[in-house]
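For reference, protein.pdb is printed below; it contains PDB, C-alpha atoms.
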```pdb
MODEL        1
ATOM      1  CA  MET A   6     -68.616  65.725  25.273
ATOM      2  CA  LYS A   7     -71.522  66.723  23.054
ATOM      3  CA  LYS A   8     -69.596  65.820  19.915
ATOM      4  CA  LYS A   9     -68.924  62.331  21.249
ATOM      5  CA  SER A  10     -72.607  61.908  22.077
ATOM      6  CA  ALA A  11     -73.702  63.224  18.691
ATOM      7  CA  SER A  12     -71.310  60.882  16.912
ATOM      8  CA  ALA A  13     -72.542  57.970  19.050
ATOM      9  CA  VAL A  14     -76.136  58.701  17.971
ATOM     10  CA  VAL A  15     -75.105  59.061  14.330
ATOM     11  CA  ASN A  16     -73.053  55.845  14.391
ATOM     12  CA  TYR A  17     -75.892  53.925  16.048
ATOM     13  CA  LEU A  18     -78.589  55.187  13.720
ATOM     14  CA  PHE A  19     -76.635  55.060  10.451
ATOM     15  CA  PRO A  20     -78.809  52.843   8.238
ATOM     16  CA  PRO A  21     -77.453  49.505   7.066
ATOM     17  CA  VAL A  22     -76.218  49.564   3.491
ATOM     18  CA  ASP A  23     -77.446  46.142   2.464
ATOM     19  CA  ASN A  24     -76.919  46.398  -1.282
ATOM     20  CA  LEU A  25     -73.684  48.366  -1.352
ATOM     21  CA  TRP A  26     -71.352  45.361  -1.475
ATOM     22  CA  LYS A  27     -73.456  43.569  -4.059
ATOM     23  CA  GLY A  28     -73.372  46.669  -6.280
ATOM     24  CA  LEU A  29     -69.612  46.970  -5.914
ATOM     25  CA  ILE A  30     -69.238  43.320  -6.961
ATOM     26  CA  PHE A  31     -71.349  44.013 -10.077
ATOM     27  CA  ILE A  32     -69.158  46.988 -10.969
ATOM     28  CA  ALA A  33     -65.911  45.069 -10.362
ATOM     29  CA  SER A  34     -67.079  42.126 -12.451
ATOM     30  CA  GLY A  35     -68.189  44.522 -15.200
ATOM     31  CA  ILE A  36     -64.748  46.121 -15.276
ATOM     32  CA  ILE A  37     -63.055  42.722 -15.407
ATOM     33  CA  ILE A  38     -65.341  41.563 -18.241
ATOM     34  CA  ALA A  39     -64.814  44.832 -20.120
ATOM     35  CA  ILE A  40     -61.039  44.400 -19.893
ATOM     36  CA  LEU A  41     -60.879  40.676 -20.675
ATOM     37  CA  GLU A  42     -63.626  40.378 -23.268
ATOM     38  CA  SER A  43     -63.704  43.944 -24.626
ATOM     39  CA  ASN A  44     -67.482  43.855 -24.226
ATOM     40  CA  ILE A  45     -68.706  47.298 -23.257
ATOM     41  CA  TRP A  46     -72.387  46.307 -23.436
ATOM     42  CA  LEU A  47     -72.043  43.705 -20.718
ATOM     43  CA  PHE A  48     -70.151  46.246 -18.612
ATOM     44  CA  LEU A  49     -72.972  48.768 -19.082
ATOM     45  CA  LEU A  50     -75.550  46.129 -18.150
ATOM     46  CA  LEU A  51     -73.703  45.269 -14.923
ATOM     47  CA  LEU A  52     -73.258  48.985 -14.195
ATOM     48  CA  LEU A  53     -77.009  49.491 -14.601
ATOM     49  CA  LEU A  54     -77.736  46.572 -12.256
ATOM     50  CA  SER A  55     -75.383  48.014  -9.647
ATOM     51  CA  LEU A  56     -77.076  51.422  -9.897
ATOM     52  CA  PHE A  57     -80.427  49.781  -9.153
ATOM     53  CA  ASP A  58     -78.870  48.182  -6.072
ATOM     54  CA  PHE A  59     -77.248  51.456  -4.986
ATOM     55  CA  ALA A  60     -80.490  53.422  -5.349
ATOM     56  CA  SER A  61     -82.183  52.044  -2.223
ATOM     57  CA  ASP A  62     -79.078  52.561  -0.091
ATOM     58  CA  ILE A  63     -78.548  56.070  -1.428
ATOM     59  CA  VAL A  64     -82.150  56.969  -0.574
ATOM     60  CA  LYS A  65     -81.736  55.558   2.959
ATOM     61  CA  ILE A  66     -78.510  57.464   3.539
ATOM     62  CA  SER A  67     -79.859  60.760   2.161
ATOM     63  CA  LYS A  68     -83.007  60.501   4.306
ATOM     64  CA  PHE A  69     -80.843  59.762   7.317
ATOM     65  CA  LEU A  70     -78.486  62.690   6.714
ATOM     66  CA  SER A  71     -81.379  65.111   6.211
ATOM     67  CA  GLN A  72     -82.976  63.839   9.432
ATOM     68  CA  ILE A  73     -79.729  64.434  11.350
ATOM     69  CA  ARG A  74     -79.377  67.952   9.882
ATOM     70  CA  TYR A  75     -82.976  68.706  10.852
ATOM     71  CA  LEU A  76     -82.491  67.401  14.380
ATOM     72  CA  LYS A  77     -79.272  69.380  14.870
ATOM     73  CA  SER A  78     -81.048  72.562  13.807
ATOM     74  CA  ARG A  79     -83.749  72.091  16.458
ATOM     75  CA  LYS A  80     -83.310  73.255  20.021
ATOM     76  CA  GLU A  81     -84.157  69.841  21.449
ATOM     77  CA  PHE A  82     -81.112  68.045  20.056
ATOM     78  CA  ASP A  83     -79.439  68.171  23.468
ATOM     79  CA  SER A  84     -82.436  66.408  25.012
ATOM     80  CA  ILE A  85     -82.236  63.783  22.238
ATOM     81  CA  LEU A  86     -78.579  63.173  23.120
ATOM     82  CA  GLU A  87     -79.389  62.856  26.821
ATOM     83  CA  ASP A  88     -82.245  60.493  26.028
ATOM     84  CA  PHE A  89     -79.965  58.363  23.831
ATOM     85  CA  GLU A  90     -77.337  58.094  26.568
ATOM     86  CA  SER A  91     -79.907  56.968  29.131
ATOM     87  CA  ALA A  92     -81.752  54.624  26.721
ATOM     88  CA  LYS A  93     -81.763  50.858  27.249
ATOM     89  CA  ASP A  94     -81.022  48.287  24.541
ATOM     90  CA  TYR A  95     -83.644  45.795  23.400
ATOM     91  CA  MET A  96     -84.065  43.367  20.502
ATOM     92  CA  ASP A  97     -80.387  42.309  20.370
ATOM     93  CA  GLY A  98     -79.234  45.937  20.381
ATOM     94  CA  GLN A  99     -81.394  46.838  17.371
ATOM     95  CA  LEU A 100     -83.661  49.089  19.428
ATOM     96  CA  ARG A 101     -82.999  51.614  22.168
ATOM     97  CA  ILE A 102     -85.817  52.937  24.316
ATOM     98  CA  GLY A 103     -85.411  56.256  26.048
ATOM     99  CA  ASN A 104     -87.822  58.363  28.072
ATOM    100  CA  LYS A 105     -88.921  60.507  25.098
ATOM    101  CA  TYR A 106     -87.734  58.658  21.984
ATOM    102  CA  ILE A 107     -87.339  55.222  20.425
ATOM    103  CA  PHE A 108     -84.109  54.778  18.446
ATOM    104  CA  GLY A 109     -84.400  52.181  15.667
ATOM    105  CA  LYS A 110     -81.195  50.850  14.179
ATOM    106  CA  LYS A 111     -82.857  49.058  11.233
ATOM    107  CA  SER A 112     -84.498  52.188   9.865
ATOM    108  CA  GLY A 113     -81.896  54.629  11.083
ATOM    109  CA  SER A 114     -84.525  56.832  12.650
ATOM    110  CA  LEU A 115     -85.806  58.000  15.970
ATOM    111  CA  VAL A 116     -89.446  58.424  16.818
ATOM    112  CA  SER A 117     -90.931  60.549  19.548
ATOM    113  CA  TYR A 118     -93.594  58.889  21.672
ATOM    114  CA  ASP A 119     -95.888  61.828  20.873
ATOM    115  CA  ASP A 120     -95.679  60.981  17.151
ATOM    116  CA  ILE A 121     -96.674  57.312  17.445
ATOM    117  CA  LYS A 122    -100.110  56.432  16.136
ATOM    118  CA  LYS A 123     -99.722  52.640  16.186
ATOM    119  CA  ILE A 124     -96.971  50.163  17.064
ATOM    120  CA  HIS A 125     -96.917  46.396  16.670
ATOM    121  CA  HIS A 126     -94.599  43.452  16.146
ATOM    122  CA  PHE A 127     -94.823  40.712  13.558
ATOM    123  CA  SER A 128     -92.757  37.995  11.938
ATOM    124  CA  ARG A 129     -92.049  37.329   8.286
ATOM    125  CA  LYS A 130     -90.434  34.420   6.504
ATOM    126  CA  LYS A 131     -88.831  34.853   3.109
ATOM    127  CA  TYR A 132     -88.167  31.773   1.052
ATOM    128  CA  GLY A 133     -84.710  30.425   1.803
ATOM    129  CA  TYR A 134     -84.085  32.765   4.747
ATOM    130  CA  ARG A 135     -84.643  32.552   8.473
ATOM    131  CA  LYS A 136     -87.840  33.883   9.965
ATOM    132  CA  LYS A 137     -87.449  37.505  11.146
ATOM    133  CA  ARG A 138     -89.315  39.498  13.809
ATOM    134  CA  PHE A 139     -89.968  43.193  13.239
ATOM    135  CA  ILE A 140     -91.210  46.042  15.413
ATOM    136  CA  GLU A 141     -93.044  48.528  13.244
ATOM    137  CA  VAL A 142     -94.344  52.014  14.027
ATOM    138  CA  PHE A 143     -96.969  54.066  12.220
ATOM    139  CA  THR A 144     -96.603  57.787  12.901
ATOM    140  CA  LEU A 145     -99.306  60.443  12.997
ATOM    141  CA  GLU A 146     -97.954  61.762   9.671
ATOM    142  CA  GLY A 147     -98.711  58.417   7.987
ATOM    143  CA  GLU A 148     -95.130  57.171   7.879
ATOM    144  CA  LYS A 149     -94.419  53.456   8.402
ATOM    145  CA  ILE A 150     -91.072  52.724  10.079
ATOM    146  CA  LYS A 151     -89.555  49.300  10.799
ATOM    147  CA  LEU A 152     -87.496  49.959  13.916
ATOM    148  CA  SER A 153     -85.886  46.564  14.413
ATOM    149  CA  LYS A 154     -85.280  43.295  12.581
ATOM    150  CA  VAL A 155     -84.026  40.239  14.457
ATOM    151  CA  ASN A 156     -84.206  36.467  14.107
ATOM    152  CA  ASP A 157     -87.590  35.181  15.265
ATOM    153  CA  THR A 158     -86.921  33.253  18.458
ATOM    154  CA  ASN A 159     -88.795  32.856  21.729
ATOM    155  CA  GLU A 160     -86.452  35.440  23.246
ATOM    156  CA  ALA A 161     -87.291  37.899  20.442
ATOM    157  CA  ILE A 162     -91.003  37.437  21.092
ATOM    158  CA  LYS A 163     -90.485  38.108  24.819
ATOM    159  CA  GLN A 164     -88.342  41.169  24.074
ATOM    160  CA  SER A 165     -90.878  42.577  21.614
ATOM    161  CA  GLU A 166     -93.706  42.145  24.140
ATOM    162  CA  ILE A 167     -91.584  43.927  26.769
ATOM    163  CA  VAL A 168     -90.889  46.754  24.304
ATOM    164  CA  LEU A 169     -94.561  47.144  23.449
ATOM    165  CA  GLY A 170     -95.450  47.163  27.148
ATOM    166  CA  ILE A 171     -92.952  49.963  27.789
ATOM    167  CA  VAL A 172     -94.238  51.940  24.792
ATOM    168  CA  LYS A 173     -97.803  51.499  26.034
ATOM    169  CA  GLU A 174     -96.802  53.201  29.286
ATOM    170  CA  LEU A 175     -94.750  55.980  27.667
ATOM    171  CA  ALA A 176     -97.167  56.680  24.789
ATOM    172  CA  PRO A 177    -100.673  56.383  26.243
ATOM    173  CA  LYS A 178    -102.325  57.844  23.109
ATOM    174  CA  ALA A 179    -100.742  55.252  20.794
ATOM    175  CA  GLU A 180    -102.526  52.114  19.692
ATOM    176  CA  VAL A 181    -100.319  49.256  20.868
ATOM    177  CA  SER A 182    -100.978  45.781  19.456
ATOM    178  CA  ILE A 183     -99.688  43.128  21.836
TER     179      ILE A 183
ENDMDL
END
```

Write the structure described by the file as structure tokens, please.
Amino acid sequence: MKKKSASAVVNYLFPPVDNLWKGLIFIASGIIIAILESNIWLFLLLLLLSLFDFASDIVKISKFLSQIRYLKSRKEFDSILEDFESAKDYMDGQLRIGNKYIFGKKSGSLVSYDDIKKIHHFSRKKYGYRKKRFIEVFTLEGEKIKLSKVNDTNEAIKQSEIVLGIVKELAPKAEVSI
């Protein structure tokens, strides 16, 4: 049963690989151009562009895997699994709130309530894209973690205010901006 729970946590927290498909398309198009046009320089240029896209995803995945190895080596991993199983979903399933930890799907990380210095929610609009609402945590170690990213709707605003209210109760030392 522990292996199923551990795999459920790992599958939930595995960070999204946003640029992986775009990088694979660059590589595939570079191979096609290299074969059809016999232009190795264009292939190398597309390969370089794909490596830049892969870099951010590779960093996310390596940080995630090292975090999982670290958590498995600690004695409290069983309590993390129990907390994950009893956690409730918020923000369209992008955030799970347990009794001791917050599990953020966007960042692929979990944060203990004792480690939270500040938490807030905000929205951001990028040109040409829909407006997004984020819940962001600042830890005592100075790390900034975006826990969730959803479309900015009235329901998302209500959910984020509920989440911050729950965190305010569970982490009384944290600065909660509502």

Next on the checklist: Under the rule that all atoms listed in the file are counted, which of A:Lys178, A:Lys27, A:Lys93, A:Arg138 is the nearest residue to Glu160 of chain A?
Outcome noted: A:Arg138

Item to check | atom CA of Ala33 of chain A to atom CA of Ile66 of chain A, straight-line distance in Å | outcome: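 Between atom CA of Ile66 of chain A and atom CA of Ala33 of chain A the gap is 22.5 Å.
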
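Of the listed residues A:Asp157, A:Glu166, A:Glu81, A:Glu90, the one whose atoms come nearest to Asn104 of chain A is A:Glu90, with distances taken using all atoms listed in the file.
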
Checklist entry - Written as a list in words, which residues does the PyMOL selection byres ((chain A and resi 128) around 8) give for the file shown? => result His126, Phe127, Arg129, Lys130, Lys136, Lys137, Arg138, Phe139 and Asp157 of chain A

Checklist entry - atom CA of Glu174 of chain A and atom CA of Phe82 of chain A are how many Å apart? => result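 Computing the Euclidean distance for atom CA of Glu174 of chain A and atom CA of Phe82 of chain A yields 23.5 Å.
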
Item to check | Contacts of Ile38 of chain A at 12 Å (all atoms listed in the file; same-chain gap of 4+ positions) as a list in words | outcome: Phe31, Ile32, Ala33, Ser34, Glu42, Ser43, Asn44, Ile45, Trp46, Leu47, Phe48, Leu49, Leu50, Leu51 and Leu52 of chain A

Checklist entry - Between A:Val181, A:Leu53, A:Ile30, A:Ile37, which is the closest to Lys123 of chain A once you count all atoms listed in the file? => result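 Once distances to Lys123 of chain A are computed over all atoms listed in the file, the minimum belongs to A:Val181.
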
Next on the checklist: I'd like the interatomic distance between atom CA of Glu146 of chain A and atom CA of Ile63 of chain A, to a tenth of an Å.
Outcome noted: 23.1 Å

Item to check | Expansion of the PyMOL selection byres ((chain A and resi 144) around 7) into residues, as a count of residues only | outcome: 11

Checklist entry - Just so the selection is clear, what residues does the PyMOL selection byres ((chain A and resi 19) around 8) cover here, as a ChimeraX atom specification? => result /A:15-18,20-21,66,69,110,113

Write the residues of the preceding selection, restricted to C-alpha atoms, as a PDB file, in the frame of the given file.
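Printed below is selection.pdb as written:
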```pdb
ATOM      1  CA  VAL A  15     -75.105  59.061  14.330  1.00  0.00           C
ATOM      2  CA  ASN A  16     -73.053  55.845  14.391  1.00  0.00           C
ATOM      3  CA  TYR A  17     -75.892  53.925  16.048  1.00  0.00           C
ATOM      4  CA  LEU A  18     -78.589  55.187  13.720  1.00  0.00           C
ATOM      5  CA  PRO A  20     -78.809  52.843   8.238  1.00  0.00           C
ATOM      6  CA  PRO A  21     -77.453  49.505   7.066  1.00  0.00           C
ATOM      7  CA  ILE A  66     -78.510  57.464   3.539  1.00  0.00           C
ATOM      8  CA  PHE A  69     -80.843  59.762   7.317  1.00  0.00           C
ATOM      9  CA  LYS A 110     -81.195  50.850  14.179  1.00  0.00           C
ATOM     10  CA  GLY A 113     -81.896  54.629  11.083  1.00  0.00           C
TER      11      GLY A 113
END
```

Checklist entry - For Ser91 of chain A, which residue out of A:Lys105, A:Lys111, A:Lys163, A:Arg135 is the nearest one, using all atoms listed in the file? => result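 Among A:Lys105, A:Lys111, A:Lys163, A:Arg135, it is A:Lys105 that comes nearest to Ser91 of chain A.
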
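The residue that comes closest to Gly170 of chain A, out of A:His125, A:Arg79, A:Lys65, A:Lys151 and on the basis of only C-alpha atoms, is A:His125.
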